[in-house]
$ cat coords-v2.cif   # mmCIF, C-alpha atoms and all ligand atoms
data_work
loop_
_atom_site.label_atom_id
_atom_site.label_comp_id
_atom_site.auth_asym_id
_atom_site.auth_seq_id
_atom_site.Cartn_x
_atom_site.Cartn_y
_atom_site.Cartn_z
CA GLU A 198 7.78 -20.51 -44.21
CA LYS A 199 6.92 -16.86 -43.87
CA ASN A 200 4.95 -17.16 -40.63
CA LEU A 201 7.31 -19.65 -39.00
CA PRO A 202 10.74 -18.10 -39.65
CA LEU A 203 12.32 -20.14 -36.82
CA LYS A 204 10.96 -23.50 -37.95
CA ASN A 205 13.46 -26.34 -37.23
CA GLN A 206 15.72 -23.87 -35.42
CA LYS A 207 16.80 -24.32 -31.86
CA VAL A 208 16.40 -21.38 -29.47
CA VAL A 209 17.91 -21.56 -25.97
CA ILE A 210 16.59 -19.16 -23.33
CA THR A 211 17.57 -18.74 -19.68
CA ALA A 212 15.10 -17.37 -17.12
CA GLY A 213 14.97 -16.44 -13.46
CA GLY A 214 17.44 -15.60 -10.74
CA THR A 215 20.02 -18.21 -9.79
CA LYS A 216 20.10 -19.49 -6.20
CA GLU A 217 23.50 -19.83 -4.61
CA ARG A 218 23.46 -22.11 -1.56
CA ILE A 219 24.90 -21.05 1.80
CA ASP A 220 23.71 -24.08 3.78
CA PRO A 221 20.86 -26.64 3.47
CA VAL A 222 18.17 -24.02 4.18
CA ARG A 223 19.67 -20.71 3.02
CA TYR A 224 20.78 -19.18 -0.25
CA ILE A 225 21.60 -15.92 -2.06
CA THR A 226 19.31 -14.90 -4.91
CA ASN A 227 17.73 -11.85 -6.58
CA ASP A 228 14.32 -10.51 -7.62
CA SER A 229 14.13 -12.07 -11.09
CA SER A 230 10.84 -13.97 -11.49
CA GLY A 231 11.62 -15.52 -14.88
CA LYS A 232 8.67 -13.76 -16.58
CA MET A 233 10.82 -12.09 -19.27
CA GLY A 234 12.46 -15.41 -20.21
CA TYR A 235 9.13 -17.27 -20.30
CA SER A 236 7.64 -14.54 -22.53
CA LEU A 237 10.58 -14.96 -24.89
CA ALA A 238 10.03 -18.73 -24.89
CA VAL A 239 6.39 -18.28 -25.94
CA ALA A 240 7.39 -15.76 -28.62
CA ALA A 241 10.09 -18.06 -30.05
CA ARG A 242 7.74 -21.07 -29.99
CA ASN A 243 5.12 -19.05 -31.88
CA LEU A 244 7.73 -18.38 -34.58
CA GLY A 245 8.17 -22.14 -34.98
CA ALA A 246 11.35 -22.61 -32.94
CA GLU A 247 12.34 -25.68 -30.96
CA VAL A 248 12.66 -23.95 -27.57
CA TYR A 249 14.82 -25.00 -24.61
CA LEU A 250 13.97 -22.97 -21.52
CA ILE A 251 16.63 -23.20 -18.81
CA SER A 252 14.90 -21.87 -15.72
CA THR A 253 15.21 -21.45 -11.97
CA SER A 254 11.49 -20.76 -11.51
CA LYS A 255 9.48 -23.20 -9.46
CA VAL A 256 6.20 -21.33 -9.96
CA LEU A 257 5.78 -20.32 -13.61
CA LYS A 258 3.92 -22.74 -15.86
CA THR A 259 6.03 -24.29 -18.63
CA PRO A 260 4.62 -22.97 -21.93
CA TYR A 261 3.07 -25.64 -24.17
CA GLY A 262 5.56 -27.16 -26.59
CA VAL A 263 8.62 -25.80 -24.78
CA THR A 264 11.32 -28.07 -23.27
CA LEU A 265 12.05 -27.08 -19.68
CA VAL A 266 15.45 -27.64 -18.08
CA SER A 267 15.22 -26.93 -14.35
CA VAL A 268 18.32 -25.51 -12.64
CA GLU A 269 19.17 -23.72 -9.42
CA THR A 270 22.74 -22.37 -9.42
CA ALA A 271 24.78 -20.38 -11.94
CA GLU A 272 27.06 -23.40 -12.40
CA GLN A 273 24.10 -25.67 -13.22
CA MET A 274 22.73 -23.02 -15.59
CA HIS A 275 26.09 -22.81 -17.34
CA GLN A 276 26.24 -26.60 -17.81
CA ALA A 277 22.67 -26.72 -19.12
CA VAL A 278 23.35 -23.90 -21.62
CA ASN A 279 26.58 -25.56 -22.76
CA ALA A 280 24.74 -28.81 -23.46
CA GLU A 281 22.43 -27.04 -25.95
CA PHE A 282 24.73 -24.31 -27.27
CA GLU A 283 26.41 -25.95 -30.23
CA LYS A 284 23.23 -26.58 -32.21
CA ALA A 285 21.43 -23.40 -31.18
CA ALA A 286 20.51 -20.72 -33.71
CA ILE A 287 19.71 -18.15 -31.01
CA VAL A 288 20.70 -18.02 -27.34
CA ILE A 289 19.00 -15.50 -25.04
CA MET A 290 20.41 -14.89 -21.56
CA ALA A 291 17.41 -13.31 -19.82
CA ALA A 292 18.29 -14.88 -16.47
CA ALA A 293 19.70 -12.82 -13.64
CA VAL A 294 22.80 -14.87 -12.91
CA SER A 295 24.38 -14.31 -9.52
CA ASP A 296 27.79 -12.69 -9.97
CA TYR A 297 29.09 -14.41 -6.81
CA ARG A 298 28.47 -17.61 -4.83
CA PRO A 299 29.52 -18.61 -1.32
CA SER A 300 33.07 -19.99 -1.43
CA HIS A 301 31.94 -22.87 0.78
CA ILE A 302 28.54 -24.57 1.10
CA SER A 303 28.00 -25.73 4.66
CA ASN A 304 26.42 -29.19 4.72
CA LYS A 305 24.95 -28.41 8.16
CA LYS A 306 22.68 -25.50 9.06
CA ILE A 307 24.92 -22.65 10.22
CA LYS A 308 24.23 -21.83 13.90
CA LYS A 309 24.07 -18.27 15.16
CA ASN A 310 26.88 -17.46 17.48
CA GLU A 311 28.99 -14.30 17.14
CA GLN A 312 27.54 -10.76 16.75
CA GLU A 313 29.02 -10.56 13.27
CA MET A 314 29.71 -13.18 10.70
CA VAL A 315 31.55 -13.00 7.38
CA LEU A 316 30.27 -14.79 4.31
CA ARG A 317 33.06 -15.25 1.78
CA LEU A 318 31.99 -15.14 -1.86
CA VAL A 319 33.78 -16.15 -5.04
CA LYS A 320 33.02 -14.96 -8.57
CA ASN A 321 30.79 -17.07 -10.80
CA THR A 322 31.79 -17.69 -14.41
CA ASP A 323 30.19 -15.18 -16.75
CA ILE A 324 28.09 -17.51 -18.92
CA LEU A 325 27.33 -14.91 -21.60
CA ALA A 326 30.98 -13.90 -21.97
CA THR A 327 32.02 -17.55 -22.24
CA LEU A 328 29.44 -18.14 -24.99
CA GLY A 329 30.62 -14.97 -26.75
CA ASN A 330 34.10 -16.47 -26.96
CA GLN A 331 32.83 -19.89 -28.13
CA LYS A 332 30.22 -18.83 -30.65
CA LYS A 333 30.25 -19.71 -34.32
CA ASP A 334 26.95 -18.91 -36.06
CA GLN A 335 24.79 -18.56 -32.94
CA PHE A 336 23.00 -15.22 -32.52
CA LEU A 337 23.74 -14.28 -28.93
CA ILE A 338 21.38 -12.00 -27.00
CA GLY A 339 22.24 -10.72 -23.54
CA PHE A 340 20.30 -8.52 -21.16
CA ALA A 341 21.55 -5.69 -19.00
CA ALA A 342 19.74 -4.67 -15.86
CA GLU A 343 20.91 -1.19 -14.94
CA THR A 344 19.85 1.63 -12.65
CA HIS A 345 22.14 4.31 -14.18
CA ASN A 346 24.50 5.03 -17.15
CA ILE A 347 22.44 2.54 -19.16
CA GLN A 348 23.78 3.38 -22.60
CA GLU A 349 27.41 3.24 -21.51
CA TYR A 350 27.09 -0.03 -19.56
CA ALA A 351 25.00 -1.72 -22.26
CA LYS A 352 27.52 -0.86 -25.01
CA ASP A 353 30.30 -2.03 -22.76
CA LYS A 354 28.57 -5.41 -22.26
CA LEU A 355 27.94 -5.74 -26.02
CA ILE A 356 31.66 -5.43 -26.70
CA LYS A 357 33.17 -7.22 -23.69
CA LYS A 358 30.78 -10.20 -23.82
CA LYS A 359 30.87 -10.36 -27.66
CA ALA A 360 27.07 -10.47 -27.83
CA ASP A 361 25.14 -9.72 -31.03
CA MET A 362 22.49 -7.82 -29.09
CA ILE A 363 22.10 -6.38 -25.59
CA VAL A 364 18.61 -5.65 -24.31
CA ALA A 365 18.96 -3.04 -21.59
CA ASN A 366 16.26 -2.49 -19.01
CA ASP A 367 16.29 0.54 -16.77
CA VAL A 368 15.24 -1.30 -13.62
CA SER A 369 14.78 1.97 -11.73
CA LYS A 370 11.66 2.67 -13.85
CA PRO A 371 8.34 1.71 -12.20
CA ASN A 372 7.06 -0.42 -15.11
CA ALA A 373 10.27 -2.18 -16.04
CA GLY A 374 12.55 -4.95 -14.87
CA PHE A 375 12.43 -7.50 -12.09
CA ASN A 376 9.16 -9.25 -11.32
CA LYS A 377 6.95 -6.81 -13.29
CA ASP A 378 4.48 -7.86 -15.99
CA THR A 379 5.67 -5.00 -18.21
CA ASN A 380 9.06 -3.89 -19.44
CA GLU A 381 10.66 -0.92 -21.19
CA VAL A 382 13.96 -1.61 -22.94
CA SER A 383 16.62 -0.25 -25.28
CA ILE A 384 18.24 -2.56 -27.79
CA PHE A 385 21.93 -2.23 -28.60
CA MET A 386 23.66 -3.85 -31.57
CA MET A 387 27.03 -3.22 -33.20
CA ASP A 388 27.01 -0.45 -35.82
CA GLU A 389 23.34 0.39 -35.14
CA GLU A 390 21.65 3.24 -33.30
CA PRO A 391 19.93 2.04 -30.10
CA ILE A 392 16.29 1.05 -30.60
CA GLU A 393 13.95 2.18 -27.82
CA LEU A 394 10.92 -0.01 -27.13
CA THR A 395 8.28 1.87 -25.15
CA VAL A 396 6.59 0.33 -22.12
CA ASN A 397 4.57 -2.76 -22.99
CA SER A 398 3.73 -6.24 -21.68
CA LYS A 399 6.74 -8.55 -21.41
CA GLN A 400 5.03 -10.72 -24.05
CA ALA A 401 4.87 -7.84 -26.57
CA ILE A 402 8.46 -6.80 -25.75
CA ALA A 403 9.60 -10.42 -26.29
CA GLU A 404 7.96 -10.48 -29.74
CA GLU A 405 9.63 -7.19 -30.69
CA ILE A 406 13.06 -8.41 -29.52
CA LEU A 407 12.80 -11.54 -31.70
CA ALA A 408 11.51 -9.57 -34.70
CA ILE A 409 14.52 -7.25 -34.47
CA ALA A 410 16.92 -10.21 -34.01
CA LEU A 411 15.47 -11.87 -37.14
CA THR A 412 16.05 -8.78 -39.30
CA LYS A 413 19.64 -8.54 -38.03
CA MET A 414 20.29 -12.29 -38.55
CA LYS A 415 19.29 -12.01 -42.21
CA LYS A 416 21.95 -9.38 -42.86
O1 LIG A 501 12.73 -12.35 -14.61
P1 LIG A 501 11.90 -11.10 -14.59
O2 LIG A 501 11.29 -10.85 -13.22
O3 LIG A 501 10.89 -11.06 -15.70
O4 LIG A 501 12.89 -9.84 -14.83
C1 LIG A 501 13.57 -9.73 -16.06
C2 LIG A 501 15.02 -9.28 -15.87
C3 LIG A 501 15.06 -7.85 -15.35
C4 LIG A 501 15.75 -10.19 -14.88
C5 LIG A 501 15.67 -9.41 -17.28
O5 LIG A 501 14.99 -8.59 -18.17
C6 LIG A 501 17.16 -9.01 -17.24
O6 LIG A 501 17.54 -7.87 -17.34
N1 LIG A 501 18.03 -10.04 -17.09
C7 LIG A 501 19.47 -9.88 -16.92
C8 LIG A 501 19.72 -9.44 -15.52
C9 LIG A 501 21.18 -9.36 -15.21
O7 LIG A 501 21.69 -10.16 -14.43
O8 LIG A 501 21.86 -8.45 -15.84
P2 LIG A 501 23.42 -8.21 -15.73
O9 LIG A 501 23.63 -6.85 -16.26
O10 LIG A 501 23.92 -8.50 -14.34
O11 LIG A 501 24.06 -9.31 -16.68
C10 LIG A 501 24.32 -9.05 -18.06
C11 LIG A 501 24.14 -10.28 -18.89
O12 LIG A 501 25.13 -11.25 -18.56
C12 LIG A 501 22.79 -10.97 -18.73
O13 LIG A 501 22.37 -11.46 -19.98
C13 LIG A 501 23.11 -12.12 -17.78
O14 LIG A 501 22.24 -13.22 -17.99
C14 LIG A 501 24.53 -12.46 -18.17
N2 LIG A 501 25.35 -13.03 -17.07
C15 LIG A 501 25.59 -12.32 -15.94
C16 LIG A 501 26.41 -12.84 -14.95
C17 LIG A 501 26.97 -14.14 -15.14
N3 LIG A 501 27.74 -14.69 -14.21
N4 LIG A 501 26.70 -14.82 -16.27
C18 LIG A 501 25.91 -14.29 -17.24
O15 LIG A 501 25.69 -14.91 -18.28
#

$ encode --input "coords-v2.cif" --output "structure tokens" --more "lines below"
Ligand code: PMT
Amino acid sequence: EKNLPLKNQKVVITAGGTKERIDPVRYITNDSSGKMGYSLAVAARNLGAEVYLISTSKVLKTPYGVTLVSVETAEQMHQAVNAEFEKAAIVIMAAAVSDYRPSHISNKKIKKNEQEMVLRLVKNTDILATLGNQKKDQFLIGFAAETHNIQEYAKDKLIKKKADMIVANDVSKPNAGFNKDTNEVSIFMMDEEPIELTVNSKQAIAEEILAIALTKMKK
């Protein structure tokens, strides 16, 4: 159908910042609210897709008709994505996945004692890069949150993570990035000039991202 180009197609979207536990009451996280991922979920649903939203948010309302998978850590997010990956037509990694997690989770609340304490961190698996290596026909969209050298870093991620598209946000801009209702992004794809999307609501940006992905998928 013309108006429902993603009818009967599965779209998997991650949203929000992961939480990496330190002890029963503390964790490491970041400023991602999940709004960009939820906007993408609404946009994909409106195109007819069967949407799986893998989210860390405990506050955003699950969009009507979208299947929510609630996760907390990067490891849980990875497992949840893996479970849906094989049959997905499009996978969008809009989540801000923590690059590191504490090497040890204390099962008791850590008491304050010394003047300094060291928290040892270990690297999390790069979910997007893993998917890039596994993918068959899935169209893989990653994000890049950068404060400088955007073009260079975004192109680097496109190649290294074997994504079909990288959506780069300049998070140093006042109306873009973490926890804002608007975004301003550049879209990078192999053998294409970057496409600049001017500042707009995250909902409008989400619709533009999917429209561009659809034209590229047809090629
Ligand atoms: O949630 P909002 O408040 O609406 O904000 C939206 C956003 C700024 C979080 C979003 O638009 C965004 O840019 N998300 C990606 C943020 C990020 O972590 O970027 P990155 O450059 O560190 O990671 C690059 C890509 O690899 C991302 O698609 C990320 O999901 C993925 N990644 C990163 C690390 C990791 N261990 N596994 C991953 O899959």

$ residues_around --input "coords-v2.cif" --residues "region 389-396 of chain A" --least-positions-apart "6" --cutoff "8 Å" --atoms "only C-alpha atoms" --output "ChimeraX atom specification"
/A:372-373,379-383,402

$ residues_near_ligand --input "coords-v2.cif" --ligand "ligand LIG 501 (chain A)" --cutoff "6 Å" --atoms "only C-alpha atoms and all ligand atoms" --output "list of chain:residue names"
A:Gly213, A:Ser229, A:Ser230, A:Gly231, A:Lys232, A:Met233, A:Met290, A:Ala291, A:Ala292, A:Ala293, A:Val294, A:Ser295, A:Asp296, A:Asn321, A:Thr322, A:Asp323, A:Ile324, A:Leu325, A:Gly339, A:Phe340, A:Ala341, A:Ala342, A:Asn366, A:Gly374, A:Phe375, A:Asn376, A:Lys377

$ atom_distance --input "coords-v2.cif" --atom1 "CA of Glu283 (chain A)" --atom2 "CA of Ile210 (chain A)"
13.8 Å

$ closest_residue --input "coords-v2.cif" --among "A:Val239, A:Ala212, A:Ala285, A:Ala408" --to "Ser254 (chain A)" --atoms "only C-alpha atoms"
A:Ala212

$ closest_residue --input "coords-v2.cif" --among "A:Asn310, A:Asn205, A:Thr226, A:Thr211" --to "Ile338 (chain A)" --atoms "all atoms listed in the file"
A:Thr211

$ atom_distance --input "coords-v2.cif" --atom1 "CA of Gln312 (chain A)" --atom2 "CA of Arg218 (chain A)"
21.9 Å

$ atom_distance --input "coords-v2.cif" --atom1 "CA of Lys207 (chain A)" --atom2 "CA of Leu250 (chain A)"
10.8 Å
